[in-house]
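Worksheet: one structure, shown below.
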Amino acid sequence: MRPYQSYVYAYPHKTAYRPLEPRPPLGELWAGEPQDALSLYLHIPFCEVRCGFCNLFTRIGGPDGLTTAYLDALERQAVAVRAALDEGARFAVAAFGGGTPTYLTAGELERLCDLTERRMGVDLRAVPLSVEASPDTATADRLAVLAERGTTRLSLGVQSFLDEEARSAVRPQRRAAVEAALGRIRAAGFPVLNIDLIYGIDGQTGASWLRSLDAALAWRPEELYLYPLYVRPLTGLARRSTPQDWDVQRLALYRAGRDHLLAHGYRQVSMRMFRRADAAAEVAGEYSCQTDGMVGLGCGARSYTAGLHYSFDYAVNATEVRGIIDDYVATTDFGHAERGWPMDPDEARRRHLLQSLLQADGLELADYRGRFGSTPAEDFPVELAAFAERGWLADDPDRLTLSAEGLAHSDAVGPALFSPAVRDRMAGHQAR
């Protein structure tokens, strides 16, 4: 089985979503939902450049007034969404993602924080807040706003510290700019610094990969994410051919990176995530992705209730993305869900298993039985038997966890647990 099939960061994937007819009112969707530990995600769909590997929902730059108009729409949506929630709804964690949230100016970031607090009722200094940034937009004035407003985790997309590898990934950046940005971030005093790196870049070797890792380790980041490079349709790298032994190369680089971080005092949280073992207590909040709801604001955000996952439209092509953002900015009625995927009991089990098994700590069997009245082996005998046959499961009577080799193959484990219905919907998605 190929080790690199897809990165499962959410289930079902947004390509399985379809228009909802009729559009359900948000008040009905959230009625009766547990709302004491929600997650809030605000999506900012702007970047200064588009990297060659990127298939995120984002546009490059924006004409005069677009970011202001986008924040206006975000505020209208926040008012409508908050009205659909219970009066006592409480958020346990928040994040600004994108795109690149720090594409916004310092003043616009102030407004983003203001509308989050005033419209959604979130005290950003009282909950964990994670914000994504890029080196060129991690300016001192922006970082000062984020630090003062309570940001606990600043995630910097670096991908490679080597200029030639950055060029190969079609990511125009210089190491000097990356190092300067990291200096500003550390000076701003965020409790958690995360650095994103990518392996599998054309021309990357085991030695160059370790040089990039060592450059990151010099900043003693509390977290590191190691991402395998994917070449997806409609991205800048899609026009390039990939080497026949690419899977072998990426797997070797993954193992080298994993072993290097473990030897330098990091512990593995998932295939991608590593946390420094001596870092301060985790800034994770009370939110559980397996059981608690998510509220997404912005045209690329998704929301989760027990019965429905929903969002706006999705695209990668620049023209299509611009059209979706323009439609979002012009929207006045944010009181309904537009596109989504209904979650039946089988899909809820799959999602719970996926979200748990892809973490190094795995799934507590007693917790699963308490929630669903069954065991994973009873619900997914064929899939788990195949994992066990490949040596991907650890031997633990109380927990279902992946072995070291299973974690290495997380991007095959996740897709193997997709339901036939989700597979069909994803296969029917027209990339645009």
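Here, A, B, ... name the chains of the structure tokens in the order displayed, residue numbers run from 1 inside each chain, and ligands are numbered from 1 in the same displayed order.
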### Task
Output as number ranges by chain all residues of region 64-161 of chain A that backbone DSSP marks as strand (DSSP E or B).
A: 91-98, 129-133, 153-159
Expected file contents, prior selection, all heavy atoms, as a short mmCIF file (atom, residue, chain, number, x, y, z; two decimals), in the first residue's frame:
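Output saved as out02.cif:
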data_model
loop_
_atom_site.label_atom_id
_atom_site.label_comp_id
_atom_site.auth_asym_id
_atom_site.auth_seq_id
_atom_site.Cartn_x
_atom_site.Cartn_y
_atom_site.Cartn_z
N PHE A 91 -16.33 29.04 24.34
CA PHE A 91 -15.25 28.57 23.48
C PHE A 91 -14.04 28.22 24.32
O PHE A 91 -13.64 28.97 25.21
CB PHE A 91 -14.90 29.64 22.45
CG PHE A 91 -15.98 29.84 21.43
CD1 PHE A 91 -16.97 30.80 21.63
CD2 PHE A 91 -16.04 29.06 20.28
CE1 PHE A 91 -17.99 30.98 20.71
CE2 PHE A 91 -17.05 29.23 19.35
CZ PHE A 91 -18.02 30.20 19.57
N ALA A 92 -13.46 27.04 24.03
CA ALA A 92 -12.31 26.55 24.79
C ALA A 92 -10.99 26.79 24.07
O ALA A 92 -9.93 26.72 24.70
CB ALA A 92 -12.47 25.05 25.07
N VAL A 93 -11.04 27.08 22.77
CA VAL A 93 -9.82 27.26 21.99
C VAL A 93 -10.18 28.06 20.75
O VAL A 93 -11.32 28.02 20.27
CB VAL A 93 -9.21 25.89 21.61
CG1 VAL A 93 -10.14 25.10 20.70
CG2 VAL A 93 -7.84 26.03 20.99
N ALA A 94 -9.20 28.82 20.23
CA ALA A 94 -9.44 29.64 19.04
C ALA A 94 -8.20 29.60 18.15
O ALA A 94 -7.08 29.38 18.62
CB ALA A 94 -9.78 31.08 19.42
N ALA A 95 -8.42 29.83 16.85
CA ALA A 95 -7.31 29.85 15.90
C ALA A 95 -7.63 30.79 14.76
O ALA A 95 -8.78 30.89 14.32
CB ALA A 95 -7.03 28.45 15.37
N PHE A 96 -6.60 31.48 14.27
CA PHE A 96 -6.67 32.26 13.04
C PHE A 96 -5.81 31.54 12.02
O PHE A 96 -4.60 31.38 12.22
CB PHE A 96 -6.13 33.68 13.23
CG PHE A 96 -6.85 34.51 14.28
CD1 PHE A 96 -6.23 35.61 14.85
CD2 PHE A 96 -8.15 34.20 14.69
CE1 PHE A 96 -6.88 36.39 15.80
CE2 PHE A 96 -8.81 34.97 15.64
CZ PHE A 96 -8.17 36.06 16.21
N GLY A 97 -6.43 31.11 10.92
CA GLY A 97 -5.69 30.39 9.89
C GLY A 97 -5.96 30.96 8.51
O GLY A 97 -6.63 31.97 8.36
N GLY A 98 -5.46 30.27 7.50
CA GLY A 98 -5.62 30.83 6.16
C GLY A 98 -5.26 29.86 5.07
O GLY A 98 -5.41 28.65 5.26
N LEU A 129 -4.91 30.53 21.90
CA LEU A 129 -5.11 31.13 20.58
C LEU A 129 -3.89 30.84 19.71
O LEU A 129 -2.77 31.23 20.05
CB LEU A 129 -5.32 32.64 20.70
CG LEU A 129 -5.32 33.44 19.38
CD1 LEU A 129 -6.46 32.98 18.47
CD2 LEU A 129 -5.40 34.93 19.64
N SER A 130 -4.11 30.17 18.58
CA SER A 130 -3.04 29.84 17.65
C SER A 130 -3.20 30.68 16.39
O SER A 130 -4.32 30.84 15.88
CB SER A 130 -3.10 28.35 17.29
OG SER A 130 -2.11 28.01 16.33
N VAL A 131 -2.09 31.21 15.88
CA VAL A 131 -2.11 32.05 14.69
C VAL A 131 -1.00 31.60 13.74
O VAL A 131 0.13 31.36 14.16
CB VAL A 131 -1.92 33.55 15.04
CG1 VAL A 131 -1.98 34.40 13.77
CG2 VAL A 131 -2.98 34.00 16.03
N GLU A 132 -1.35 31.51 12.45
CA GLU A 132 -0.37 31.15 11.43
C GLU A 132 0.24 32.40 10.81
O GLU A 132 -0.43 33.42 10.65
CB GLU A 132 -1.04 30.30 10.35
CG GLU A 132 -1.60 28.98 10.87
CD GLU A 132 -2.45 28.26 9.84
OE1 GLU A 132 -2.49 28.71 8.68
OE2 GLU A 132 -3.08 27.26 10.20
N ALA A 133 1.53 32.31 10.45
CA ALA A 133 2.23 33.45 9.88
C ALA A 133 3.25 32.97 8.86
O ALA A 133 3.62 31.80 8.82
CB ALA A 133 2.93 34.25 10.98
N ARG A 153 0.22 30.62 20.67
CA ARG A 153 1.00 29.79 19.75
C ARG A 153 1.10 30.51 18.41
O ARG A 153 0.09 30.88 17.81
CB ARG A 153 0.31 28.44 19.56
CG ARG A 153 1.03 27.49 18.59
CD ARG A 153 0.24 26.18 18.48
NE ARG A 153 0.89 25.21 17.63
CZ ARG A 153 0.67 25.12 16.30
NH1 ARG A 153 -0.16 25.96 15.70
NH2 ARG A 153 1.29 24.20 15.59
N LEU A 154 2.33 30.71 17.97
CA LEU A 154 2.58 31.34 16.68
C LEU A 154 3.24 30.27 15.79
O LEU A 154 4.30 29.75 16.13
CB LEU A 154 3.49 32.56 16.84
CG LEU A 154 3.55 33.60 15.72
CD1 LEU A 154 4.24 33.09 14.47
CD2 LEU A 154 2.17 34.15 15.38
N SER A 155 2.60 29.95 14.68
CA SER A 155 3.09 28.92 13.77
C SER A 155 3.66 29.58 12.53
O SER A 155 2.96 30.30 11.81
CB SER A 155 1.96 27.96 13.39
OG SER A 155 2.44 26.96 12.51
N LEU A 156 4.94 29.35 12.26
CA LEU A 156 5.61 29.97 11.13
C LEU A 156 5.85 28.94 10.03
O LEU A 156 6.52 27.92 10.25
CB LEU A 156 6.95 30.58 11.56
CG LEU A 156 7.61 31.46 10.51
CD1 LEU A 156 6.83 32.77 10.33
CD2 LEU A 156 9.06 31.76 10.88
N GLY A 157 5.32 29.21 8.85
CA GLY A 157 5.57 28.35 7.70
C GLY A 157 6.93 28.65 7.11
O GLY A 157 7.12 29.70 6.48
N VAL A 158 7.90 27.77 7.32
CA VAL A 158 9.25 27.95 6.79
C VAL A 158 9.48 27.01 5.62
O VAL A 158 9.97 27.39 4.57
CB VAL A 158 10.31 27.72 7.89
CG1 VAL A 158 11.72 27.75 7.29
CG2 VAL A 158 10.17 28.77 8.99
N GLN A 159 9.16 25.74 5.81
CA GLN A 159 9.25 24.67 4.81
C GLN A 159 10.69 24.24 4.56
O GLN A 159 10.98 23.07 4.58
CB GLN A 159 8.56 25.04 3.49
CG GLN A 159 7.23 25.77 3.62
CD GLN A 159 6.28 25.24 4.68
OE1 GLN A 159 6.45 24.15 5.21
NE2 GLN A 159 5.26 26.02 5.02
#
### Task
Just the residues within 9 Å of region 194-205 of chain A, please, counting only C-alpha atoms, with nothing from its chain fewer than 3 positions along; format it as JSON, numbers by chain.
{"A": [153, 154, 155, 156, 157, 158, 159, 160, 161, 164, 165, 166, 168, 169, 208, 209, 210, 212, 213, 216, 221, 222, 223, 224, 225, 226, 227, 228, 229, 230, 242, 243, 246, 247, 249, 250, 251, 253, 254, 257, 275]}
Keeping only N, CA and C atoms, write those residues as a compact mmCIF listing (two decimals), in the first residue's frame.
# COMPACT_ATOMS: atom_id res chain seq x y z
N ARG A 153 0.22 30.62 20.67
CA ARG A 153 1.00 29.79 19.75
C ARG A 153 1.10 30.51 18.41
N LEU A 154 2.33 30.71 17.97
CA LEU A 154 2.58 31.34 16.68
C LEU A 154 3.24 30.27 15.79
N SER A 155 2.60 29.95 14.68
CA SER A 155 3.09 28.92 13.77
C SER A 155 3.66 29.58 12.53
N LEU A 156 4.94 29.35 12.26
CA LEU A 156 5.61 29.97 11.13
C LEU A 156 5.85 28.94 10.03
N GLY A 157 5.32 29.21 8.85
CA GLY A 157 5.57 28.35 7.70
C GLY A 157 6.93 28.65 7.11
N VAL A 158 7.90 27.77 7.32
CA VAL A 158 9.25 27.95 6.79
C VAL A 158 9.48 27.01 5.62
N GLN A 159 9.16 25.74 5.81
CA GLN A 159 9.25 24.67 4.81
C GLN A 159 10.69 24.24 4.56
N SER A 160 11.62 25.17 4.34
CA SER A 160 13.04 24.82 4.27
C SER A 160 13.87 26.05 4.60
N PHE A 161 14.97 25.83 5.33
CA PHE A 161 15.89 26.92 5.64
C PHE A 161 16.91 27.11 4.52
N GLU A 164 17.93 27.20 -1.89
CA GLU A 164 17.75 26.43 -3.13
C GLU A 164 16.55 25.50 -3.03
N GLU A 165 16.29 24.95 -1.85
CA GLU A 165 15.11 24.09 -1.70
C GLU A 165 13.83 24.91 -1.72
N ALA A 166 13.86 26.09 -1.13
CA ALA A 166 12.69 26.97 -1.19
C ALA A 166 12.36 27.31 -2.63
N SER A 168 13.06 25.50 -5.25
CA SER A 168 12.57 24.28 -5.88
C SER A 168 11.10 24.03 -5.56
N ALA A 169 10.68 24.42 -4.36
CA ALA A 169 9.27 24.26 -3.96
C ALA A 169 8.42 25.44 -4.43
N SER A 208 20.84 17.53 3.41
CA SER A 208 20.25 18.87 3.38
C SER A 208 19.02 18.95 4.29
N TRP A 209 18.27 17.84 4.38
CA TRP A 209 17.11 17.77 5.27
C TRP A 209 17.55 17.96 6.72
N LEU A 210 18.62 17.30 7.12
CA LEU A 210 19.11 17.44 8.49
C LEU A 210 19.67 18.84 8.75
N SER A 212 18.48 21.57 7.46
CA SER A 212 17.29 22.41 7.67
C SER A 212 16.70 22.16 9.05
N LEU A 213 16.65 20.91 9.48
CA LEU A 213 16.16 20.59 10.82
C LEU A 213 17.03 21.23 11.89
N ALA A 216 16.30 24.82 12.31
CA ALA A 216 15.08 25.02 13.10
C ALA A 216 15.35 24.77 14.58
N PRO A 221 12.27 25.51 19.08
CA PRO A 221 10.82 25.66 19.00
C PRO A 221 10.12 24.66 19.90
N GLU A 222 9.03 25.08 20.51
CA GLU A 222 8.26 24.17 21.35
C GLU A 222 7.61 23.07 20.51
N GLU A 223 7.30 23.39 19.25
CA GLU A 223 6.69 22.40 18.36
C GLU A 223 7.35 22.48 16.99
N LEU A 224 7.36 21.35 16.31
CA LEU A 224 7.79 21.25 14.92
C LEU A 224 6.81 20.36 14.17
N TYR A 225 6.41 20.80 12.99
CA TYR A 225 5.60 19.96 12.11
C TYR A 225 6.44 19.59 10.90
N LEU A 226 6.51 18.31 10.60
CA LEU A 226 7.24 17.80 9.44
C LEU A 226 6.22 17.28 8.43
N TYR A 227 6.08 17.96 7.32
CA TYR A 227 5.08 17.62 6.31
C TYR A 227 5.73 16.96 5.10
N PRO A 228 5.18 15.84 4.63
CA PRO A 228 5.64 15.32 3.35
C PRO A 228 5.11 16.19 2.22
N LEU A 229 5.92 16.42 1.21
CA LEU A 229 5.46 17.20 0.07
C LEU A 229 4.47 16.37 -0.74
N TYR A 230 3.36 17.00 -1.09
CA TYR A 230 2.40 16.43 -2.02
C TYR A 230 2.32 17.32 -3.24
N THR A 242 7.22 13.65 -11.02
CA THR A 242 7.79 13.22 -9.75
C THR A 242 8.61 11.95 -9.97
N PRO A 243 9.67 11.77 -9.20
CA PRO A 243 10.52 10.59 -9.40
C PRO A 243 9.78 9.30 -9.06
N TRP A 246 9.78 8.21 -5.40
CA TRP A 246 9.49 9.33 -4.51
C TRP A 246 8.98 8.85 -3.15
N ASP A 247 8.11 7.84 -3.15
CA ASP A 247 7.61 7.32 -1.88
C ASP A 247 8.75 6.81 -1.01
N GLN A 249 11.87 7.78 -1.12
CA GLN A 249 12.65 8.93 -0.69
C GLN A 249 11.98 9.64 0.49
N ARG A 250 10.66 9.89 0.35
CA ARG A 250 9.96 10.61 1.41
C ARG A 250 9.93 9.81 2.70
N LEU A 251 9.75 8.50 2.60
CA LEU A 251 9.72 7.66 3.80
C LEU A 251 11.07 7.68 4.50
N LEU A 253 13.30 10.12 4.36
CA LEU A 253 13.47 11.44 4.96
C LEU A 253 12.61 11.59 6.22
N TYR A 254 11.40 11.05 6.18
CA TYR A 254 10.55 11.07 7.38
C TYR A 254 11.25 10.39 8.55
N GLY A 257 14.15 12.40 9.85
CA GLY A 257 13.69 13.56 10.61
C GLY A 257 13.12 13.18 11.95
N ARG A 275 6.70 17.65 19.71
CA ARG A 275 6.69 18.67 20.76
C ARG A 275 7.92 18.48 21.65
### Task
Tell me which protein, DNA and RNA residues are within 7 Å of Leu38 (chain A), counting only C-alpha atoms, leaving out same-chain ones fewer than 2 positions away, and put them as a PyMOL selection string.
chain A and resi 35-36+40+90-92+287+292-294
### Message
With only C-alpha atoms as the counted atoms, please give the residues lying no more than 12 Å from Arg349 (chain A), apart from itself and same-chain residues fewer than 6 positions off, as a PyMOL selection string.
### Response
chain A and resi 11-12+290-291+306+343+355-357+363+368-369+371-380+417-419
Selected residues written out with N, CA and C atoms, as an mmCIF file, in the first residue's frame:
data_model
loop_
_atom_site.group_PDB
_atom_site.id
_atom_site.type_symbol
_atom_site.label_atom_id
_atom_site.label_comp_id
_atom_site.auth_asym_id
_atom_site.auth_seq_id
_atom_site.Cartn_x
_atom_site.Cartn_y
_atom_site.Cartn_z
ATOM 1 N N TYR A 11 -12.224 14.819 8.667
ATOM 2 C CA TYR A 11 -13.027 13.792 8.010
ATOM 3 C C TYR A 11 -14.499 14.097 8.219
ATOM 4 N N PRO A 12 -15.297 14.059 7.128
ATOM 5 C CA PRO A 12 -14.890 13.868 5.731
ATOM 6 C C PRO A 12 -14.194 15.106 5.166
ATOM 7 N N GLN A 290 -12.516 15.039 18.710
ATOM 8 C CA GLN A 290 -13.370 13.894 18.443
ATOM 9 C C GLN A 290 -14.816 14.121 18.877
ATOM 10 N N THR A 291 -15.020 14.962 19.890
ATOM 11 C CA THR A 291 -16.354 15.039 20.492
ATOM 12 C C THR A 291 -16.962 16.430 20.496
ATOM 13 N N ALA A 306 -22.840 17.650 15.603
ATOM 14 C CA ALA A 306 -22.899 16.185 15.641
ATOM 15 C C ALA A 306 -23.561 15.629 14.387
ATOM 16 N N MET A 343 -23.684 13.688 9.084
ATOM 17 C CA MET A 343 -22.929 12.698 9.840
ATOM 18 C C MET A 343 -23.881 11.692 10.468
ATOM 19 N N GLN A 355 -9.621 10.346 14.013
ATOM 20 C CA GLN A 355 -9.021 11.454 14.743
ATOM 21 C C GLN A 355 -8.188 10.969 15.919
ATOM 22 N N SER A 356 -8.529 9.816 16.468
ATOM 23 C CA SER A 356 -7.785 9.270 17.611
ATOM 24 C C SER A 356 -6.595 8.434 17.165
ATOM 25 N N LEU A 357 -6.811 7.556 16.195
ATOM 26 C CA LEU A 357 -5.768 6.606 15.803
ATOM 27 C C LEU A 357 -4.574 7.309 15.170
ATOM 28 N N LEU A 363 -6.261 5.546 20.775
ATOM 29 C CA LEU A 363 -7.651 5.543 21.225
ATOM 30 C C LEU A 363 -7.816 4.661 22.454
ATOM 31 N N TYR A 368 -14.101 4.565 23.821
ATOM 32 C CA TYR A 368 -14.851 4.288 22.597
ATOM 33 C C TYR A 368 -16.107 3.477 22.910
ATOM 34 N N ARG A 369 -15.968 2.455 23.768
ATOM 35 C CA ARG A 369 -17.132 1.645 24.121
ATOM 36 C C ARG A 369 -18.169 2.475 24.874
ATOM 37 N N ARG A 371 -18.765 5.555 24.504
ATOM 38 C CA ARG A 371 -19.399 6.502 23.581
ATOM 39 C C ARG A 371 -20.318 5.802 22.585
ATOM 40 N N PHE A 372 -19.874 4.644 22.075
ATOM 41 C CA PHE A 372 -20.604 4.006 20.977
ATOM 42 C C PHE A 372 -21.223 2.654 21.336
ATOM 43 N N GLY A 373 -20.889 2.084 22.507
ATOM 44 C CA GLY A 373 -21.462 0.803 22.884
ATOM 45 C C GLY A 373 -20.888 -0.375 22.134
ATOM 46 N N SER A 374 -19.703 -0.207 21.559
ATOM 47 C CA SER A 374 -19.069 -1.268 20.775
ATOM 48 C C SER A 374 -17.565 -1.060 20.833
ATOM 49 N N THR A 375 -16.825 -1.895 20.121
ATOM 50 C CA THR A 375 -15.377 -1.744 20.042
ATOM 51 C C THR A 375 -14.978 -1.438 18.604
ATOM 52 N N PRO A 376 -13.820 -0.822 18.395
ATOM 53 C CA PRO A 376 -13.364 -0.606 17.019
ATOM 54 C C PRO A 376 -13.247 -1.904 16.230
ATOM 55 N N ALA A 377 -12.823 -2.989 16.905
ATOM 56 C CA ALA A 377 -12.679 -4.270 16.208
ATOM 57 C C ALA A 377 -14.023 -4.792 15.723
ATOM 58 N N GLU A 378 -15.083 -4.514 16.474
ATOM 59 C CA GLU A 378 -16.420 -4.928 16.043
ATOM 60 C C GLU A 378 -16.935 -4.062 14.900
ATOM 61 N N ASP A 379 -16.594 -2.774 14.936
ATOM 62 C CA ASP A 379 -17.121 -1.846 13.931
ATOM 63 C C ASP A 379 -16.296 -1.831 12.647
ATOM 64 N N PHE A 380 -14.978 -2.089 12.759
ATOM 65 C CA PHE A 380 -14.099 -1.991 11.591
ATOM 66 C C PHE A 380 -13.154 -3.191 11.517
ATOM 67 N N LEU A 417 -9.729 4.228 6.099
ATOM 68 C CA LEU A 417 -10.900 4.243 6.973
ATOM 69 C C LEU A 417 -12.052 5.086 6.421
ATOM 70 N N PHE A 418 -11.876 5.662 5.231
ATOM 71 C CA PHE A 418 -12.971 6.415 4.630
ATOM 72 C C PHE A 418 -14.123 5.476 4.282
ATOM 73 N N SER A 419 -15.340 5.962 4.446
ATOM 74 C CA SER A 419 -16.508 5.155 4.075
ATOM 75 C C SER A 419 -16.648 5.114 2.559
#
### Message
Set the distance at 9 Å and use only C-alpha atoms: which residues neighbour region 51-62 of chain A once local chain neighbours fewer than 3 positions away are removed? I'd like the list as number ranges by chain.
### Response
A: 44-48, 65-67, 98-100, 103, 168-172, 229-238, 299-300, 314-319, 321-322, 325
### Query
Residues at most 8 Å from Thr401 (chain A), counting only C-alpha atoms, excluding those fewer than 5 positions away in the same chain, as a PyMOL selection string?
chain A and resi 357+359-363+393-396
### Message
Can you pull out every residue from region 124-324 of chain A that DSSP, working from the backbone, puts in alpha helix (DSSP H), and format the result as number ranges by chain?
### Response
A: 140-148, 163-168, 175-188, 206-217, 246-263, 318-324
### Task
Identify, on the basis of only C-alpha atoms, every residue whose closest approach to Val79 (chain A) does not exceed 12 Å; exclude the query and any residue fewer than 4 positions from it along the same chain; express the result as a ChimeraX atom specification.
/A:26,72-75,83-85,115-121,297,332-335
Would you save the residues from that selection as a compact mmCIF listing (two decimals), in the first residue's frame, using C-alpha atoms?
# COMPACT_ATOMS: atom_id res chain seq x y z
CA LEU A 26 -27.99 27.58 11.80
CA ASP A 72 -17.03 43.50 7.23
CA ALA A 73 -18.49 40.22 5.95
CA LEU A 74 -16.71 38.27 8.68
CA GLU A 75 -18.35 40.52 11.25
CA ALA A 83 -27.25 34.42 17.42
CA ALA A 84 -27.64 30.75 16.43
CA LEU A 85 -25.69 29.53 19.47
CA LEU A 115 -14.82 41.14 16.37
CA THR A 116 -13.80 37.76 17.81
CA GLU A 117 -14.21 39.09 21.34
CA ARG A 118 -17.17 41.43 20.90
CA ARG A 119 -19.24 39.49 18.40
CA MET A 120 -18.41 35.91 19.46
CA GLY A 121 -17.86 36.56 23.15
CA LEU A 297 -15.99 31.92 10.36
CA THR A 332 -25.85 39.53 3.74
CA ASP A 333 -27.63 36.36 4.92
CA PHE A 334 -25.27 34.19 6.95
CA GLY A 335 -28.03 32.40 8.84
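Across A:Arg111, A:Arg239, A:Arg350, A:Arg432, the tightest approach to Ile324 (chain A) is made by A:Arg432 when counting only C-alpha atoms.
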### Summary
From the list A:Gly323, A:Gly406, A:Gly428, A:Gly340, the nearest residue to Leu29 (chain A) using only C-alpha atoms is A:Gly340
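We find CA of Arg125 (chain A) and CA of Ala181 (chain A) to be spaced 23.4 Å apart.
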